[in-house]
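Asker: The structure is given below, and queries will be raised subsequently.
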Amino acid sequence: MTTVDEAVAGTTHIVRGARVEARHIVKRYGAAAALNDVSVVIEPGTIHALVGENGAGKSTLGKILAGAVIPNSGEIIVDGELVRYRSPRDAIRLGIAIIDQELAMVPTMSVLDNVFLGSELGEHGVLDRATQRHQFADLAQRLGFAPTADIKVAELRVADQQKIEIMRALVRNARMIVMDEPTAALTREEAQRLLDLTRQLSATGVTIVYVSHFLDDVLALCDTITVLKDGRHVKTVAASDETKDSLVTSMIGRSLDLQFPARTPPPDDATIVLSVRNLRRDRAFEEISFDIRAGEIVGLAGLVGSGRTEIARAIFGADPSGGEVSVEGQLLRARSPQGRIRRGLAMLPESRKDQGLVMMRPVNENTTMAHMRSITRRFGLHRGLERQVVGEAMVRVDVRAASQTMPIRSLSGGNQQKVSLAKWLVETPKVLIADEPTRGIDVGAKLGIYEMLHALAAGGMAVLLISSEIEEVLGLAHRVLVLREGRIVAEFDGGADQDRVMRAAFGSTVNLGTGSQPAPDHESDLRGQ
């Protein structure tokens, strides 16, 4: 077994990476098959990607390889030996670790204690703090990461928490690390640093299984790619032989050319549904005024910190603000989300897990939580009506779940996001605020969300769209408002080009229409943050 120093010291100390083979893996959750007869070989020292739509089974397969999920049938072979996992602890003993989407941190414990959690050094129940600190400092230096050992994990950014997970894996002498959607919650700059760190680990011989829906990152990072669809193995190929378009075609059976539905402009006489006047909040935004007509999608674009999400939350009543918000000409006097929901506002929040869903509760409760009046009768909750309402909402947004009563946490990210949207369609709102509606979901699920937003607008709803993906805003919105430092600095009709929007966001030119100055090379700051 390799030591921590050998695992990260560089190419002069090569780790004997694990070779892991999955044979005929089947995993079912009730009647639903997450994986159906899947076989794949992970060669030692390589970076092997698992890609597919949300619900394709890629995360499930990664967890099975790391012992976090036990398959119903099939075999796992590690370095030529058949193994029977009973828990992740068995995989860890073989040098196989996982960094899950839901980081396994203890927020109230220190960084040092989290790194050595489960691998504490000492004898007779007494921790050897000096040795732990020495190994921690050495490991942090080699990874180019210098967190304070005694700071609580809760005080760290998500990107730094992920590095703590990597340090923990190396302390456990990991020869293979499964990374499940490691960059989904990171800014583009943070994601790039994590990709660099992943390359560094691979260069020392550590085997990496990389589960991701960011296909550009997969193609730039990985040696081999396995594509899954509907729980079945589609193909395993060299990354050098693939393109983004070929991967998408394998994943969903259609080309990227169909990414955005054709925009249908609202009628010239469409009524104003949402009107915002002089909206303001100290140190966040000021003098925000705009209208959205029935059938119109208006996009908010801008850098992180420009005030996009803060404006959305103020309109929804989640945060206090000055100014006026009106729906169909009626001033909203209610300052709470509950009051504004009753007046026809709905909001798909930036983080479905933290703000949009109750992850421990079932699909049906998450779907109806904002509209209990619709399914409550004189003697309480009407279960039959609840099943009907939830069923109709699930069909409307194409939620794929084995049952209405399964925990929301057991669904794929794309299906969780669809439930977040279904929640607001129990009673069709007049205004939908969609903040980062496709964050953390794959291409196929994105297409479904795009089509649903387009359909809602076509049905007369007013939609306010916020996204860090500038291509997404330009592809969906009829009009784009560009924010900079809490103010609207430009407005473009549909069809605006990315160059002009970026110039406005960065404030790089006075005359936006002339193109007299080159746009700054900072596209990454507008996406993935």
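Convention: chains lettered A, B, ... in structure tokens order; per-chain residue numbering from 1; ligands numbered from 1 as shown.
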When you look at A:Arg84 with a cut-off of 10 Å (counting only C-alpha atoms), what residues show up, excluding the ones that are within fewer than 4 positions of it in the same chain? I need them as a list in words.
Answerer: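 Here the answer would be Gly67, Ile70, Glu75, Ile76, Ile77, Asp90 and Ala91 of chain A.
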Asker: What would the file look like if the residues just selected were written as a short mmCIF file (atom, residue, chain, number, x, y, z; two decimals), in the first residue's frame with all heavy atoms?
Answerer:
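For reference, again.cif as written:
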```cif
data_model
loop_
_atom_site.label_atom_id
_atom_site.label_comp_id
_atom_site.auth_asym_id
_atom_site.auth_seq_id
_atom_site.Cartn_x
_atom_site.Cartn_y
_atom_site.Cartn_z
N GLY A 67 -18.26 1.10 -3.46
CA GLY A 67 -18.85 0.40 -2.33
C GLY A 67 -19.93 1.16 -1.60
O GLY A 67 -20.43 0.69 -0.57
N ILE A 70 -24.75 -1.09 -3.06
CA ILE A 70 -24.58 -2.51 -3.30
C ILE A 70 -25.50 -2.93 -4.45
O ILE A 70 -26.71 -2.72 -4.39
CB ILE A 70 -24.91 -3.34 -2.04
CG1 ILE A 70 -24.11 -2.82 -0.85
CG2 ILE A 70 -24.64 -4.82 -2.29
CD1 ILE A 70 -22.61 -2.86 -1.04
N GLU A 75 -20.70 -8.46 -10.60
CA GLU A 75 -19.44 -8.65 -9.89
C GLU A 75 -18.55 -7.41 -10.00
O GLU A 75 -18.56 -6.72 -11.01
CB GLU A 75 -18.67 -9.84 -10.47
CG GLU A 75 -19.39 -11.17 -10.34
CD GLU A 75 -18.63 -12.31 -10.98
OE1 GLU A 75 -17.82 -12.04 -11.91
OE2 GLU A 75 -18.84 -13.47 -10.58
N ILE A 76 -17.76 -7.18 -8.95
CA ILE A 76 -16.73 -6.15 -8.94
C ILE A 76 -15.38 -6.85 -8.78
O ILE A 76 -15.19 -7.62 -7.83
CB ILE A 76 -16.93 -5.13 -7.81
CG1 ILE A 76 -18.28 -4.43 -7.94
CG2 ILE A 76 -15.80 -4.11 -7.80
CD1 ILE A 76 -18.42 -3.56 -9.16
N ILE A 77 -14.46 -6.57 -9.71
CA ILE A 77 -13.13 -7.16 -9.69
C ILE A 77 -12.12 -6.05 -9.46
O ILE A 77 -12.08 -5.08 -10.22
CB ILE A 77 -12.81 -7.88 -11.02
CG1 ILE A 77 -13.97 -8.78 -11.45
CG2 ILE A 77 -11.51 -8.66 -10.92
CD1 ILE A 77 -14.24 -9.93 -10.54
N ASP A 90 -15.16 -1.24 3.17
CA ASP A 90 -14.47 -2.33 2.48
C ASP A 90 -13.70 -1.81 1.27
O ASP A 90 -12.58 -2.26 0.99
CB ASP A 90 -15.47 -3.39 2.04
CG ASP A 90 -16.13 -4.10 3.22
OD1 ASP A 90 -15.49 -4.19 4.29
OD2 ASP A 90 -17.29 -4.54 3.07
N ALA A 91 -14.30 -0.87 0.54
CA ALA A 91 -13.62 -0.30 -0.62
C ALA A 91 -12.42 0.53 -0.19
O ALA A 91 -11.36 0.50 -0.85
CB ALA A 91 -14.60 0.55 -1.43
#
```
Asker: Using only C-alpha atoms, determine which residues lie at most 7 Å from A:Val78, disregarding the query and same-chain residues fewer than 2 positions distant; provide the list as a compact mmCIF listing (two decimals) with N, CA, C and O atoms, in the first residue's frame.
Answerer:
```txt
# COMPACT_ATOMS: atom_id res chain seq x y z
N ALA A 18 -5.42 1.49 -8.98
CA ALA A 18 -6.27 0.30 -8.97
C ALA A 18 -6.86 0.07 -10.36
O ALA A 18 -7.25 1.01 -11.07
N ARG A 19 -6.95 -1.19 -10.74
CA ARG A 19 -7.70 -1.60 -11.93
C ARG A 19 -9.01 -2.22 -11.44
O ARG A 19 -9.00 -3.20 -10.68
N VAL A 20 -10.12 -1.61 -11.83
CA VAL A 20 -11.42 -2.06 -11.33
C VAL A 20 -12.31 -2.42 -12.51
O VAL A 20 -12.42 -1.66 -13.47
N GLU A 21 -12.95 -3.56 -12.39
CA GLU A 21 -13.83 -4.04 -13.45
C GLU A 21 -15.21 -4.33 -12.87
O GLU A 21 -15.34 -4.97 -11.82
N ILE A 76 -17.76 -7.18 -8.95
CA ILE A 76 -16.73 -6.15 -8.94
C ILE A 76 -15.38 -6.85 -8.78
O ILE A 76 -15.19 -7.62 -7.83
N GLY A 80 -7.82 -7.89 -10.35
CA GLY A 80 -7.94 -9.30 -10.69
C GLY A 80 -8.62 -10.16 -9.66
O GLY A 80 -8.83 -11.35 -9.89
N GLU A 81 -9.00 -9.59 -8.51
CA GLU A 81 -9.62 -10.36 -7.45
C GLU A 81 -11.09 -9.97 -7.28
O GLU A 81 -11.43 -8.78 -7.22
N LEU A 82 -11.96 -10.97 -7.20
CA LEU A 82 -13.38 -10.73 -6.95
C LEU A 82 -13.55 -10.20 -5.52
O LEU A 82 -13.01 -10.76 -4.57
N VAL A 83 -14.30 -9.10 -5.38
CA VAL A 83 -14.53 -8.53 -4.06
C VAL A 83 -16.03 -8.46 -3.78
O VAL A 83 -16.84 -8.36 -4.70
```
Asker: List every residue of stretch 162-272 of chain A that has an atom at most 8 Å from any atom of stretch 282-298 of chain A, and for each one report the closest atom pair and its distance in Å to one decimal, counting only C-alpha atoms, with rows sorted by chain and then by increasing residue number, as a tab-separated table.
Answerer:
```
residue	atom	partner	partner_atom	distance
A:Pro265	CA	A:Glu296	CA	6.9
A:Pro266	CA	A:Gly295	CA	5.1
A:Pro267	CA	A:Gly295	CA	8.0
A:Ala270	CA	A:Ala294	CA	5.7
A:Thr271	CA	A:Arg293	CA	5.5
A:Ile272	CA	A:Arg293	CA	4.1
```
Asker: If I take atom CA of A:Gly440 and atom CA of A:Ala184, how far is one from the other in Å, to one decimal?
Answerer: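 Straight-line distance from atom CA of A:Gly440 to atom CA of A:Ala184 works out to 5.2 Å.
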Asker: Atom CA of A:Arg396 and atom CA of A:Lys423 are how many Å apart?
Answerer: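 Separation between atom CA of A:Arg396 and atom CA of A:Lys423: 11.1 Å.
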Asker: Let's see if you can do this: from backbone DSSP, list all strand (DSSP E) residues in stretch 169-367 of chain A, as an MDAnalysis selection string.
Answerer: chainID A and resid 176:180 207:211 224:229 232:238 272:281 285:293 297:302 322:327 330:331 345:348
Asker: Excluding A:Ala457 and residues on its chain fewer than 2 positions from it, collect all residues at most 12 Å away from it, counting only C-alpha atoms, and give them as an NGL selection string.
Answerer: :A and (261 or 263-267 or 270 or 273 or 292-298 or 428-433 or 450-455 or 459-465 or 476-478)
Asker: Write out as a ChimeraX atom specification each polymer residue whose atoms come within 6 Å of stretch 351-361 of chain A, counting only C-alpha atoms; drop sequence neighbours fewer than 5 positions from it.
Answerer: /A:407-409
Asker: Please produce a file of those selected residues containing all heavy atoms, as a short mmCIF file (atom, residue, chain, number, x, y, z; two decimals), in the first residue's frame.
Answerer:
```cif
data_model
loop_
_atom_site.label_atom_id
_atom_site.label_comp_id
_atom_site.auth_asym_id
_atom_site.auth_seq_id
_atom_site.Cartn_x
_atom_site.Cartn_y
_atom_site.Cartn_z
N PRO A 407 -38.31 9.12 -1.75
CA PRO A 407 -37.62 10.34 -1.29
C PRO A 407 -37.06 11.12 -2.46
O PRO A 407 -36.52 10.54 -3.41
CB PRO A 407 -36.51 9.79 -0.39
CG PRO A 407 -36.94 8.42 -0.01
CD PRO A 407 -37.72 7.90 -1.18
N ILE A 408 -37.16 12.43 -2.40
CA ILE A 408 -36.68 13.27 -3.49
C ILE A 408 -35.17 13.11 -3.67
O ILE A 408 -34.66 13.23 -4.79
CB ILE A 408 -37.05 14.75 -3.23
CG1 ILE A 408 -36.91 15.58 -4.51
CG2 ILE A 408 -36.20 15.34 -2.13
CD1 ILE A 408 -38.04 15.45 -5.46
N ARG A 409 -34.44 12.81 -2.61
CA ARG A 409 -32.99 12.68 -2.70
C ARG A 409 -32.57 11.49 -3.56
O ARG A 409 -31.43 11.44 -4.04
CB ARG A 409 -32.37 12.55 -1.30
CG ARG A 409 -32.69 11.25 -0.61
CD ARG A 409 -32.00 11.14 0.75
NE ARG A 409 -32.21 9.86 1.39
CZ ARG A 409 -33.27 9.52 2.08
NH1 ARG A 409 -34.23 10.42 2.28
NH2 ARG A 409 -33.39 8.32 2.61
#
```
Asker: If you count only C-alpha atoms, which residues fall within 6 Å of A:Ala49, apart from same-chain ones fewer than 3 positions away, as a list of chain:residue names?
Answerer: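 After dropping sequence-adjacent residues, the list is A:Val209, A:Tyr210, A:Val211, A:Ile225.
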Asker: So that I can see what lies close to A:Pro182, please list as a list in words the residues with an atom at most 8 Å from it, counting only C-alpha atoms and leaving out residues fewer than 3 positions away in the same chain.
Answerer: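 Listed by chain and then number, they are Ile99, Asp100, Gln101, Gln162, Met179, Ala185, Val211 and Ser212 of chain A.
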Asker: Go ahead and dump the residues you just picked, N, CA and C atoms, as a PDB file, in the first residue's frame.
Answerer:
```
ATOM      1  N   ILE A  99     -15.708  10.829  -3.720  1.00  0.00           N
ATOM      2  CA  ILE A  99     -16.084  12.194  -3.355  1.00  0.00           C
ATOM      3  C   ILE A  99     -17.456  12.425  -3.967  1.00  0.00           C
ATOM      4  N   ASP A 100     -18.475  12.358  -3.133  1.00  0.00           N
ATOM      5  CA  ASP A 100     -19.857  12.384  -3.594  1.00  0.00           C
ATOM      6  C   ASP A 100     -20.309  13.816  -3.860  1.00  0.00           C
ATOM      7  N   GLN A 101     -21.444  13.943  -4.578  1.00  0.00           N
ATOM      8  CA  GLN A 101     -22.034  15.268  -4.782  1.00  0.00           C
ATOM      9  C   GLN A 101     -22.348  15.924  -3.440  1.00  0.00           C
ATOM     10  N   GLN A 162     -14.157  20.424  -1.078  1.00  0.00           N
ATOM     11  CA  GLN A 162     -13.851  19.306  -1.960  1.00  0.00           C
ATOM     12  C   GLN A 162     -12.378  18.929  -1.870  1.00  0.00           C
ATOM     13  N   MET A 179     -15.019  10.634  -8.453  1.00  0.00           N
ATOM     14  CA  MET A 179     -15.466  12.012  -8.276  1.00  0.00           C
ATOM     15  C   MET A 179     -16.823  12.176  -8.947  1.00  0.00           C
ATOM     16  N   ALA A 185     -21.047  22.654  -8.376  1.00  0.00           N
ATOM     17  CA  ALA A 185     -21.361  23.806  -7.515  1.00  0.00           C
ATOM     18  C   ALA A 185     -20.238  24.833  -7.479  1.00  0.00           C
ATOM     19  N   VAL A 211     -17.331  11.423 -12.869  1.00  0.00           N
ATOM     20  CA  VAL A 211     -18.739  11.467 -13.241  1.00  0.00           C
ATOM     21  C   VAL A 211     -19.121  12.930 -13.429  1.00  0.00           C
ATOM     22  N   SER A 212     -19.555  13.296 -14.631  1.00  0.00           N
ATOM     23  CA  SER A 212     -19.836  14.711 -14.886  1.00  0.00           C
ATOM     24  C   SER A 212     -20.781  14.873 -16.068  1.00  0.00           C
TER      25      SER A 212
END
```
Asker: Which residues are near A:Leu348? Cut-off 7 Å, only C-alpha atoms, ignore same chain within fewer than 5 positions. Put them as a PDB file with C-alpha atoms, in the first residue's frame.
Answerer:
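Result file result.pdb:
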```pdb
ATOM      1  CA  GLY A 356     -36.232  24.596  -3.450  1.00  0.00           C
ATOM      2  CA  SER A 420     -38.896  21.927  -8.300  1.00  0.00           C
ATOM      3  CA  LEU A 421     -40.662  23.209 -11.410  1.00  0.00           C
ATOM      4  CA  ILE A 433     -38.808  33.595 -11.854  1.00  0.00           C
ATOM      5  CA  ALA A 434     -36.292  30.941 -12.938  1.00  0.00           C
ATOM      6  CA  ASP A 435     -32.886  31.412 -11.277  1.00  0.00           C
ATOM      7  CA  PRO A 437     -32.899  26.627 -13.953  1.00  0.00           C
TER       8      PRO A 437
END
```
Asker: Would you mind writing down, as a ChimeraX atom specification, each residue of stretch 32-87 of chain A that DSSP on the backbone assigns to helix (DSSP H, G or I)?
Answerer: /A:58-65
